[in-house]
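Next comes final05.pdb, a file with PDB, C-alpha atoms, pLDDT in the B column.
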ATOM      1  CA  MET A 118      -9.794   7.035  14.413  1.00 47.00           C
ATOM      2  CA  SER A 119      -9.885  10.564  15.872  1.00 49.00           C
ATOM      3  CA  ARG A 120      -7.666  11.524  18.812  1.00 49.00           C
ATOM      4  CA  ALA A 121     -10.716  11.752  21.050  1.00 46.00           C
ATOM      5  CA  LEU A 122     -11.861   8.275  20.079  1.00 47.00           C
ATOM      6  CA  ARG A 123      -8.349   6.909  20.562  1.00 49.00           C
ATOM      7  CA  ALA A 124      -8.337   8.326  24.083  1.00 44.00           C
ATOM      8  CA  LEU A 125     -11.748   6.804  24.766  1.00 44.00           C
ATOM      9  CA  VAL A 126     -10.628   3.395  23.483  1.00 48.00           C
ATOM     10  CA  LEU A 127      -7.468   3.572  25.601  1.00 42.00           C
ATOM     11  CA  SER A 128      -9.435   4.489  28.712  1.00 45.00           C
ATOM     12  CA  PHE A 129     -11.762   1.541  28.163  1.00 42.00           C
ATOM     13  CA  ALA A 130      -8.870  -0.790  27.429  1.00 43.00           C
ATOM     14  CA  LEU A 131      -7.218   0.137  30.734  1.00 42.00           C
ATOM     15  CA  SER A 132     -10.357  -0.553  32.745  1.00 44.00           C
ATOM     16  CA  PRO A 133     -10.301  -4.141  34.086  1.00 44.00           C
ATOM     17  CA  SER A 134     -13.902  -3.969  35.238  1.00 42.00           C
ATOM     18  CA  LEU A 135     -15.189  -3.083  31.764  1.00 40.00           C
ATOM     19  CA  ILE A 136     -13.096  -5.797  30.150  1.00 39.00           C
ATOM     20  CA  ALA A 137     -14.305  -8.395  32.622  1.00 42.00           C
ATOM     21  CA  ALA A 138     -17.923  -7.385  32.092  1.00 41.00           C
ATOM     22  CA  ALA A 139     -17.593  -7.572  28.317  1.00 38.00           C
ATOM     23  CA  GLN A 140     -15.935 -10.970  28.506  1.00 38.00           C
ATOM     24  CA  ALA A 141     -18.669 -12.250  30.808  1.00 38.00           C
ATOM     25  CA  GLN A 142     -21.268 -11.244  28.226  1.00 39.00           C
ATOM     26  CA  GLY A 143     -19.298 -13.082  25.541  1.00 37.00           C
ATOM     27  CA  THR A 144     -19.617 -10.182  23.096  1.00 44.00           C
ATOM     28  CA  GLN A 145     -16.020  -8.977  22.849  1.00 51.00           C
ATOM     29  CA  PRO A 146     -12.627 -10.531  22.181  1.00 55.00           C
ATOM     30  CA  THR A 147     -10.237 -10.618  25.113  1.00 63.00           C
ATOM     31  CA  GLY A 148      -8.880  -7.209  26.065  1.00 80.00           C
ATOM     32  CA  LEU A 149     -11.075  -5.051  23.832  1.00 86.00           C
ATOM     33  CA  PRO A 150     -13.475  -2.432  25.183  1.00 87.00           C
ATOM     34  CA  PRO A 151     -17.198  -2.529  24.403  1.00 87.00           C
ATOM     35  CA  GLY A 152     -18.006  -1.421  20.865  1.00 89.00           C
ATOM     36  CA  VAL A 153     -14.576  -2.194  19.421  1.00 92.00           C
ATOM     37  CA  TYR A 154     -14.167  -5.323  17.319  1.00 94.00           C
ATOM     38  CA  MET A 155     -11.182  -7.065  15.790  1.00 94.00           C
ATOM     39  CA  GLY A 156     -11.189  -7.663  12.046  1.00 96.00           C
ATOM     40  CA  GLU A 157     -11.553 -11.171  10.656  1.00 96.00           C
ATOM     41  CA  ALA A 158     -10.078 -12.798   7.554  1.00 96.00           C
ATOM     42  CA  ASP A 159     -13.552 -12.977   6.013  1.00 97.00           C
ATOM     43  CA  TYR A 160     -14.615 -10.283   3.548  1.00 97.00           C
ATOM     44  CA  LYS A 161     -18.294 -11.047   4.148  1.00 97.00           C
ATOM     45  CA  GLN A 162     -17.980  -9.559   7.647  1.00 97.00           C
ATOM     46  CA  ALA A 163     -18.064  -6.097   6.031  1.00 98.00           C
ATOM     47  CA  PRO A 164     -21.623  -5.303   4.846  1.00 97.00           C
ATOM     48  CA  ALA A 165     -22.373  -3.797   1.455  1.00 98.00           C
ATOM     49  CA  GLY A 166     -22.228  -0.048   1.120  1.00 98.00           C
ATOM     50  CA  THR A 167     -20.005   2.941   0.520  1.00 98.00           C
ATOM     51  CA  TYR A 168     -16.777   3.142   2.503  1.00 98.00           C
ATOM     52  CA  ALA A 169     -14.252   5.960   2.831  1.00 98.00           C
ATOM     53  CA  ILE A 170     -10.495   5.628   3.281  1.00 98.00           C
ATOM     54  CA  ASP A 171      -9.464   6.201   6.885  1.00 97.00           C
ATOM     55  CA  PRO A 172      -6.583   8.673   6.406  1.00 96.00           C
ATOM     56  CA  ASP A 173      -5.112   7.735   9.789  1.00 96.00           C
ATOM     57  CA  HIS A 174      -4.724   4.129   8.638  1.00 97.00           C
ATOM     58  CA  ALA A 175      -3.624   4.489   5.035  1.00 97.00           C
ATOM     59  CA  SER A 176      -0.261   4.660   3.328  1.00 95.00           C
ATOM     60  CA  VAL A 177       1.005   4.681  -0.235  1.00 98.00           C
ATOM     61  CA  ILE A 178       4.642   3.685  -0.616  1.00 98.00           C
ATOM     62  CA  ALA A 179       6.728   3.869  -3.766  1.00 97.00           C
ATOM     63  CA  ARG A 180       9.729   1.516  -3.939  1.00 97.00           C
ATOM     64  CA  VAL A 181      12.102   3.116  -6.406  1.00 95.00           C
ATOM     65  CA  SER A 182      15.395   1.786  -7.716  1.00 92.00           C
ATOM     66  CA  HIS A 183      18.362   3.788  -6.430  1.00 91.00           C
ATOM     67  CA  LEU A 184      20.551   3.544  -9.536  1.00 89.00           C
ATOM     68  CA  ARG A 185      20.081  -0.262  -9.348  1.00 88.00           C
ATOM     69  CA  TYR A 186      22.015  -0.442  -6.073  1.00 92.00           C
ATOM     70  CA  SER A 187      19.050  -0.705  -3.701  1.00 93.00           C
ATOM     71  CA  TRP A 188      15.413   0.296  -3.254  1.00 93.00           C
ATOM     72  CA  SER A 189      14.589   3.776  -1.995  1.00 94.00           C
ATOM     73  CA  ILE A 190      11.320   4.070  -0.085  1.00 96.00           C
ATOM     74  CA  PHE A 191       9.087   7.112  -0.507  1.00 97.00           C
ATOM     75  CA  ARG A 192       5.793   7.520   1.322  1.00 97.00           C
ATOM     76  CA  PHE A 193       2.795   9.684   0.471  1.00 97.00           C
ATOM     77  CA  ASP A 194       1.027  10.853   3.615  1.00 94.00           C
ATOM     78  CA  ARG A 195      -2.240  12.295   2.302  1.00 97.00           C
ATOM     79  CA  VAL A 196      -4.564   9.719   0.793  1.00 97.00           C
ATOM     80  CA  SER A 197      -8.336   9.782   0.277  1.00 98.00           C
ATOM     81  CA  GLY A 198     -10.899   7.783  -1.612  1.00 98.00           C
ATOM     82  CA  THR A 199     -14.096   5.787  -1.755  1.00 98.00           C
ATOM     83  CA  LEU A 200     -14.857   2.085  -1.942  1.00 98.00           C
ATOM     84  CA  LYS A 201     -18.245   0.877  -3.167  1.00 98.00           C
ATOM     85  CA  TRP A 202     -18.317  -2.579  -1.641  1.00 98.00           C
ATOM     86  CA  ASP A 203     -20.474  -5.570  -2.578  1.00 98.00           C
ATOM     87  CA  PRO A 204     -19.556  -8.741  -0.676  1.00 97.00           C
ATOM     88  CA  VAL A 205     -22.303 -10.757  -2.388  1.00 97.00           C
ATOM     89  CA  ASN A 206     -20.936 -10.092  -5.872  1.00 97.00           C
ATOM     90  CA  THR A 207     -17.430  -8.675  -5.520  1.00 97.00           C
ATOM     91  CA  ALA A 208     -17.241  -7.986  -9.264  1.00 97.00           C
ATOM     92  CA  ASN A 209     -19.570  -5.051  -8.562  1.00 98.00           C
ATOM     93  CA  THR A 210     -17.002  -3.475  -6.236  1.00 98.00           C
ATOM     94  CA  SER A 211     -15.284  -0.261  -7.327  1.00 98.00           C
ATOM     95  CA  ILE A 212     -12.579   2.000  -5.941  1.00 98.00           C
ATOM     96  CA  ALA A 213     -11.657   5.618  -6.595  1.00 98.00           C
ATOM     97  CA  ALA A 214      -8.681   7.084  -4.748  1.00 98.00           C
ATOM     98  CA  LYS A 215      -6.318  10.021  -4.886  1.00 98.00           C
ATOM     99  CA  VAL A 216      -2.945  10.923  -3.439  1.00 98.00           C
ATOM    100  CA  GLU A 217      -1.592  14.437  -2.903  1.00 98.00           C
ATOM    101  CA  THR A 218       1.782  14.235  -4.623  1.00 98.00           C
ATOM    102  CA  ALA A 219       3.280  17.040  -2.526  1.00 97.00           C
ATOM    103  CA  SER A 220       2.805  14.871   0.569  1.00 97.00           C
ATOM    104  CA  ILE A 221       5.787  12.690  -0.416  1.00 97.00           C
ATOM    105  CA  THR A 222       8.373  12.045   2.300  1.00 97.00           C
ATOM    106  CA  SER A 223      11.962  10.811   2.205  1.00 95.00           C
ATOM    107  CA  ASN A 224      14.606  10.050   4.810  1.00 92.00           C
ATOM    108  CA  VAL A 225      17.129  11.867   2.583  1.00 93.00           C
ATOM    109  CA  LYS A 226      17.399  15.422   3.888  1.00 92.00           C
ATOM    110  CA  ASP A 227      15.578  17.986   1.712  1.00 92.00           C
ATOM    111  CA  PHE A 228      14.928  15.402  -1.021  1.00 95.00           C
ATOM    112  CA  ALA A 229      11.139  15.332  -0.572  1.00 96.00           C
ATOM    113  CA  GLN A 230      10.920  18.981  -1.601  1.00 95.00           C
ATOM    114  CA  ALA A 231      12.975  18.221  -4.701  1.00 95.00           C
ATOM    115  CA  LEU A 232      10.798  15.206  -5.546  1.00 96.00           C
ATOM    116  CA  SER A 233       7.629  17.308  -5.469  1.00 97.00           C
ATOM    117  CA  GLY A 234       9.277  20.008  -7.585  1.00 96.00           C
ATOM    118  CA  ASN A 235       9.515  20.597 -11.315  1.00 95.00           C
ATOM    119  CA  ASP A 236      12.312  18.080 -11.890  1.00 93.00           C
ATOM    120  CA  PHE A 237      10.169  15.156 -10.788  1.00 95.00           C
ATOM    121  CA  LEU A 238       6.480  15.104  -9.745  1.00 97.00           C
ATOM    122  CA  LYS A 239       5.647  18.732 -10.643  1.00 97.00           C
ATOM    123  CA  SER A 240       3.175  18.910  -7.768  1.00 97.00           C
ATOM    124  CA  ALA A 241       2.358  22.579  -8.319  1.00 97.00           C
ATOM    125  CA  THR A 242       0.998  21.706 -11.772  1.00 98.00           C
ATOM    126  CA  PHE A 243      -0.256  18.192 -11.004  1.00 98.00           C
ATOM    127  CA  PRO A 244      -1.216  18.197  -7.314  1.00 98.00           C
ATOM    128  CA  GLU A 245      -2.961  14.806  -7.343  1.00 98.00           C
ATOM    129  CA  ALA A 246      -2.416  11.311  -8.628  1.00 98.00           C
ATOM    130  CA  THR A 247      -5.659   9.350  -9.048  1.00 98.00           C
ATOM    131  CA  PHE A 248      -6.670   5.738  -9.472  1.00 98.00           C
ATOM    132  CA  VAL A 249     -10.096   4.666 -10.722  1.00 98.00           C
ATOM    133  CA  SER A 250     -10.875   0.957 -10.893  1.00 98.00           C
ATOM    134  CA  THR A 251     -12.309  -0.639 -14.001  1.00 98.00           C
ATOM    135  CA  ALA A 252     -12.644  -4.234 -12.751  1.00 98.00           C
ATOM    136  CA  PHE A 253     -12.372  -6.252  -9.565  1.00 98.00           C
ATOM    137  CA  ARG A 254     -11.413  -9.892 -10.096  1.00 98.00           C
ATOM    138  CA  GLN A 255     -11.730 -12.132  -7.052  1.00 97.00           C
ATOM    139  CA  MET A 256      -9.149 -14.931  -7.151  1.00 97.00           C
ATOM    140  CA  SER A 257      -9.784 -16.559  -3.758  1.00 97.00           C
ATOM    141  CA  ALA A 258     -11.349 -15.842  -0.377  1.00 96.00           C
ATOM    142  CA  LEU A 259      -8.515 -13.464   0.519  1.00 97.00           C
ATOM    143  CA  ARG A 260      -6.979 -12.355  -2.778  1.00 98.00           C
ATOM    144  CA  GLY A 261      -7.975 -10.585  -5.924  1.00 98.00           C
ATOM    145  CA  LYS A 262      -6.820  -8.266  -8.695  1.00 98.00           C
ATOM    146  CA  VAL A 263      -8.011  -4.709  -9.201  1.00 98.00           C
ATOM    147  CA  ASP A 264      -7.601  -3.270 -12.684  1.00 98.00           C
ATOM    148  CA  GLY A 265      -7.833   0.443 -13.214  1.00 98.00           C
ATOM    149  CA  GLN A 266      -6.546   3.673 -14.659  1.00 98.00           C
ATOM    150  CA  LEU A 267      -3.752   5.553 -12.889  1.00 98.00           C
ATOM    151  CA  THR A 268      -3.342   9.236 -13.696  1.00 98.00           C
ATOM    152  CA  LEU A 269      -0.017  10.818 -12.758  1.00 98.00           C
ATOM    153  CA  MET A 270       1.438  14.078 -14.057  1.00 97.00           C
ATOM    154  CA  GLY A 271      -1.369  14.381 -16.589  1.00 97.00           C
ATOM    155  CA  LYS A 272      -0.802  10.950 -18.101  1.00 98.00           C
ATOM    156  CA  THR A 273      -3.206   8.018 -17.688  1.00 98.00           C
ATOM    157  CA  LYS A 274      -2.124   4.385 -17.963  1.00 98.00           C
ATOM    158  CA  PRO A 275      -3.681   1.024 -17.004  1.00 98.00           C
ATOM    159  CA  VAL A 276      -2.387  -0.539 -13.780  1.00 98.00           C
ATOM    160  CA  THR A 277      -3.300  -3.777 -12.024  1.00 98.00           C
ATOM    161  CA  PHE A 278      -2.935  -4.220  -8.273  1.00 98.00           C
ATOM    162  CA  ASP A 279      -2.665  -7.588  -6.568  1.00 98.00           C
ATOM    163  CA  VAL A 280      -4.864  -7.174  -3.500  1.00 98.00           C
ATOM    164  CA  GLU A 281      -5.012  -9.169  -0.276  1.00 98.00           C
ATOM    165  CA  LEU A 282      -7.690  -8.791   2.388  1.00 98.00           C
ATOM    166  CA  ILE A 283      -6.223  -8.174   5.838  1.00 98.00           C
ATOM    167  CA  GLY A 284      -9.402  -7.985   7.882  1.00 97.00           C
ATOM    168  CA  ALA A 285     -13.089  -7.062   7.847  1.00 98.00           C
ATOM    169  CA  GLY A 286     -15.634  -6.643  10.594  1.00 97.00           C
ATOM    170  CA  LYS A 287     -17.756  -4.416  12.805  1.00 95.00           C
ATOM    171  CA  GLY A 288     -14.947  -1.928  13.378  1.00 96.00           C
ATOM    172  CA  PHE A 289     -15.762   0.599  16.077  1.00 91.00           C
ATOM    173  CA  ALA A 290     -18.131   3.503  16.721  1.00 89.00           C
ATOM    174  CA  ASP A 291     -20.829   1.436  14.927  1.00 91.00           C
ATOM    175  CA  ARG A 292     -19.021   1.813  11.613  1.00 96.00           C
ATOM    176  CA  PRO A 293     -17.854  -1.408   9.935  1.00 97.00           C
ATOM    177  CA  ARG A 294     -14.490  -1.445   8.204  1.00 97.00           C
ATOM    178  CA  LEU A 295     -12.220  -3.552   6.092  1.00 98.00           C
ATOM    179  CA  GLY A 296      -8.529  -3.348   5.340  1.00 98.00           C
ATOM    180  CA  ALA A 297      -6.366  -4.570   2.507  1.00 98.00           C
ATOM    181  CA  THR A 298      -2.901  -4.358   1.038  1.00 98.00           C
ATOM    182  CA  GLY A 299      -2.202  -3.940  -2.654  1.00 98.00           C
ATOM    183  CA  ARG A 300       0.877  -4.121  -4.872  1.00 98.00           C
ATOM    184  CA  GLY A 301       1.373  -2.961  -8.434  1.00 98.00           C
ATOM    185  CA  THR A 302       4.136  -1.677 -10.707  1.00 98.00           C
ATOM    186  CA  ILE A 303       4.454   1.180 -13.134  1.00 97.00           C
ATOM    187  CA  ASN A 304       7.041   2.181 -15.692  1.00 96.00           C
ATOM    188  CA  PRO A 305       8.201   5.650 -14.574  1.00 95.00           C
ATOM    189  CA  VAL A 306       8.986   6.767 -18.123  1.00 94.00           C
ATOM    190  CA  ASP A 307       5.332   6.172 -19.085  1.00 96.00           C
ATOM    191  CA  PHE A 308       4.353   9.004 -16.740  1.00 96.00           C
ATOM    192  CA  GLY A 309       7.124  11.421 -17.679  1.00 94.00           C
ATOM    193  CA  LEU A 310       9.483  10.617 -14.813  1.00 93.00           C
ATOM    194  CA  PRO A 311      13.229  10.562 -15.566  1.00 88.00           C
ATOM    195  CA  PRO A 312      14.962   7.290 -16.527  1.00 85.00           C
ATOM    196  CA  LEU A 313      17.155   7.407 -13.422  1.00 85.00           C
ATOM    197  CA  PHE A 314      14.228   5.831 -11.540  1.00 86.00           C
ATOM    198  CA  GLY A 315      14.914   2.574 -13.358  1.00 82.00           C
ATOM    199  CA  ASP A 316      12.649   0.235 -15.268  1.00 85.00           C
ATOM    200  CA  SER A 317       9.827  -0.023 -12.731  1.00 94.00           C
ATOM    201  CA  ILE A 318       8.447   1.478  -9.561  1.00 97.00           C
ATOM    202  CA  GLU A 319       6.562  -0.747  -7.147  1.00 97.00           C
ATOM    203  CA  ILE A 320       3.562   0.849  -5.463  1.00 98.00           C
ATOM    204  CA  VAL A 321       2.516  -0.669  -2.132  1.00 98.00           C
ATOM    205  CA  ILE A 322      -0.798   0.376  -0.602  1.00 98.00           C
ATOM    206  CA  ASP A 323      -1.985  -0.434   2.918  1.00 97.00           C
ATOM    207  CA  VAL A 324      -5.407   0.939   3.702  1.00 98.00           C
ATOM    208  CA  GLU A 325      -8.462   0.676   5.905  1.00 98.00           C
ATOM    209  CA  PHE A 326     -11.906   1.665   4.671  1.00 98.00           C
ATOM    210  CA  GLN A 327     -14.654   2.744   7.075  1.00 98.00           C
ATOM    211  CA  LYS A 328     -18.333   2.509   6.161  1.00 97.00           C
ATOM    212  CA  ASP A 329     -20.139   5.795   5.745  1.00 94.00           C
ATOM    213  CA  SER A 330     -22.611   6.473   8.529  1.00 78.00           C
TER     214      SER A 330
END

Rendering of file as structure tokens:
Amino acid sequence: MSRALRALVLSFALSPSLIAAAQAQGTQPTGLPPGVYMGEADYKQAPAGTYAIDPDHASVIARVSHLRYSWSIFRFDRVSGTLKWDPVNTANTSIAAKVETASITSNVKDFAQALSGNDFLKSATFPEATFVSTAFRQMSALRGKVDGQLTLMGKTKPVTFDVELIGAGKGFADRPRLGATGRGTINPVDFGLPPLFGDSIEIVIDVEFQKDS
């Protein structure tokens, strides 16, 4: 959601008269302004079509072993991608996404710059990590598995994400949306990362997709 749209939504939300009118018409959930809809735990509420990742509501987190003492959390801030969505036959759904590896952040001072450098992610040489789905396997009304190919630092390996629907619906600004969370693991050595990262890295994705206009 753009800053301008956020301001518009906030101004509507703070207007009791607009809320009361919307409630009287029975078209909006309590407290929401006209044209803004809550998501529902029903994937069929998002119509078929092409959706884009909303960069303001997307995160990719890597949970990395800190020498087997704890988990260090690194976040990538710049994420983009496309979802081709088919709620009638979800097996036809496909996802293509990319992450700018230099957008990594860390709460350890100056460590993010080191992580994007030549000792780790080599972002100058490999500026993007990409994921392209090869299969979508629906397991239940809210859960599924997405198989695909992850390319990181010039190496491509198969990865499977366990995916859970968070919500789907009309969204806002007449653009439907759906959101999901996904979890998968990779072996860091497979992609050329040093062994100090341990045996596995968990990747956690939280994302909203907005239908193209």

Evaluated on this file, the PyMOL selection byres ((chain A and resi 240) around 10) picks out some residues - which ones are they, written as a compact mmCIF listing (two decimals) with C-alpha atoms, in the coordinates of the input?
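Result file selection.txt:
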# COMPACT_ATOMS: atom_id res chain seq x y z
CA GLU A 217 -1.59 14.44 -2.90
CA THR A 218 1.78 14.24 -4.62
CA ALA A 219 3.28 17.04 -2.53
CA SER A 220 2.80 14.87 0.57
CA ILE A 221 5.79 12.69 -0.42
CA GLN A 230 10.92 18.98 -1.60
CA LEU A 232 10.80 15.21 -5.55
CA SER A 233 7.63 17.31 -5.47
CA GLY A 234 9.28 20.01 -7.58
CA ASN A 235 9.52 20.60 -11.32
CA PHE A 237 10.17 15.16 -10.79
CA LEU A 238 6.48 15.10 -9.74
CA LYS A 239 5.65 18.73 -10.64
CA ALA A 241 2.36 22.58 -8.32
CA THR A 242 1.00 21.71 -11.77
CA PHE A 243 -0.26 18.19 -11.00
CA PRO A 244 -1.22 18.20 -7.31
CA GLU A 245 -2.96 14.81 -7.34
CA ALA A 246 -2.42 11.31 -8.63
CA MET A 270 1.44 14.08 -14.06

Inset, instruction - With a distance cut-off of 10 Å and only C-alpha atoms, select the neighbouring residues of region 196-211 of chain A, excluding the residue or stretch itself and same-chain residues fewer than 6 positions from it, and output the selection as number ranges by chain. - result: A: 159-177, 217-218, 220, 245-255, 261, 263-265, 295, 324, 326-329

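Pairwise distance (CA of Asn304 (chain A), CA of Lys274 (chain A)) equals 9.7 Å.
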
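The two atoms in question, CA of Gly286 (chain A) and CA of Pro151 (chain A), are spaced 14.5 Å apart.
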
Inset, instruction - Tell me which protein, DNA and RNA residues are within 9 Å of Leu313 (chain A), counting all atoms listed in the file, leaving out same-chain ones fewer than 6 positions away, and put them as a list in words. - result: Ser182, His183 and Leu184 of chain A

Fill-in result for region 229-247 of chain A, N, CA and C atoms as a compact mmCIF listing (two decimals), keeping the file's coordinate frame:
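Result written to rebuild32.txt:
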# COMPACT_ATOMS: atom_id res chain seq x y z
N ALA A 229 12.58 15.34 -0.32
CA ALA A 229 11.14 15.33 -0.57
C ALA A 229 10.71 16.59 -1.31
N GLN A 230 11.26 17.73 -0.92
CA GLN A 230 10.92 18.98 -1.60
C GLN A 230 11.35 18.94 -3.06
N ALA A 231 12.51 18.35 -3.32
CA ALA A 231 12.98 18.22 -4.70
C ALA A 231 12.08 17.28 -5.49
N LEU A 232 11.65 16.17 -4.86
CA LEU A 232 10.80 15.21 -5.55
C LEU A 232 9.46 15.80 -5.95
N SER A 233 8.92 16.70 -5.14
CA SER A 233 7.63 17.31 -5.47
C SER A 233 7.78 18.49 -6.43
N GLY A 234 9.03 18.85 -6.73
CA GLY A 234 9.28 20.01 -7.58
C GLY A 234 9.23 19.69 -9.07
N ASN A 235 9.67 20.67 -9.85
CA ASN A 235 9.52 20.60 -11.32
C ASN A 235 10.42 19.57 -11.98
N ASP A 236 11.44 19.09 -11.29
CA ASP A 236 12.31 18.08 -11.89
C ASP A 236 11.72 16.68 -11.83
N PHE A 237 10.71 16.50 -10.97
CA PHE A 237 10.17 15.16 -10.79
C PHE A 237 8.64 15.17 -10.88
N LEU A 238 7.93 15.28 -9.75
CA LEU A 238 6.48 15.10 -9.74
C LEU A 238 5.68 16.33 -10.18
N LYS A 239 6.33 17.50 -10.20
CA LYS A 239 5.65 18.73 -10.64
C LYS A 239 4.33 18.94 -9.90
N SER A 240 4.39 18.87 -8.58
CA SER A 240 3.18 18.91 -7.77
C SER A 240 2.40 20.22 -7.89
N ALA A 241 3.07 21.31 -8.17
CA ALA A 241 2.36 22.58 -8.32
C ALA A 241 1.41 22.53 -9.52
N THR A 242 1.83 21.83 -10.57
CA THR A 242 1.00 21.71 -11.77
C THR A 242 0.05 20.52 -11.70
N PHE A 243 0.53 19.42 -11.11
CA PHE A 243 -0.26 18.19 -11.00
C PHE A 243 -0.33 17.78 -9.53
N PRO A 244 -1.21 18.41 -8.76
CA PRO A 244 -1.22 18.20 -7.31
C PRO A 244 -1.70 16.83 -6.86
N GLU A 245 -2.39 16.09 -7.75
CA GLU A 245 -2.96 14.81 -7.34
C GLU A 245 -2.63 13.71 -8.34
N ALA A 246 -2.42 12.53 -7.82
CA ALA A 246 -2.42 11.31 -8.63
C ALA A 246 -3.70 10.56 -8.29
N THR A 247 -4.37 10.01 -9.29
CA THR A 247 -5.66 9.35 -9.05
C THR A 247 -5.65 7.94 -9.61
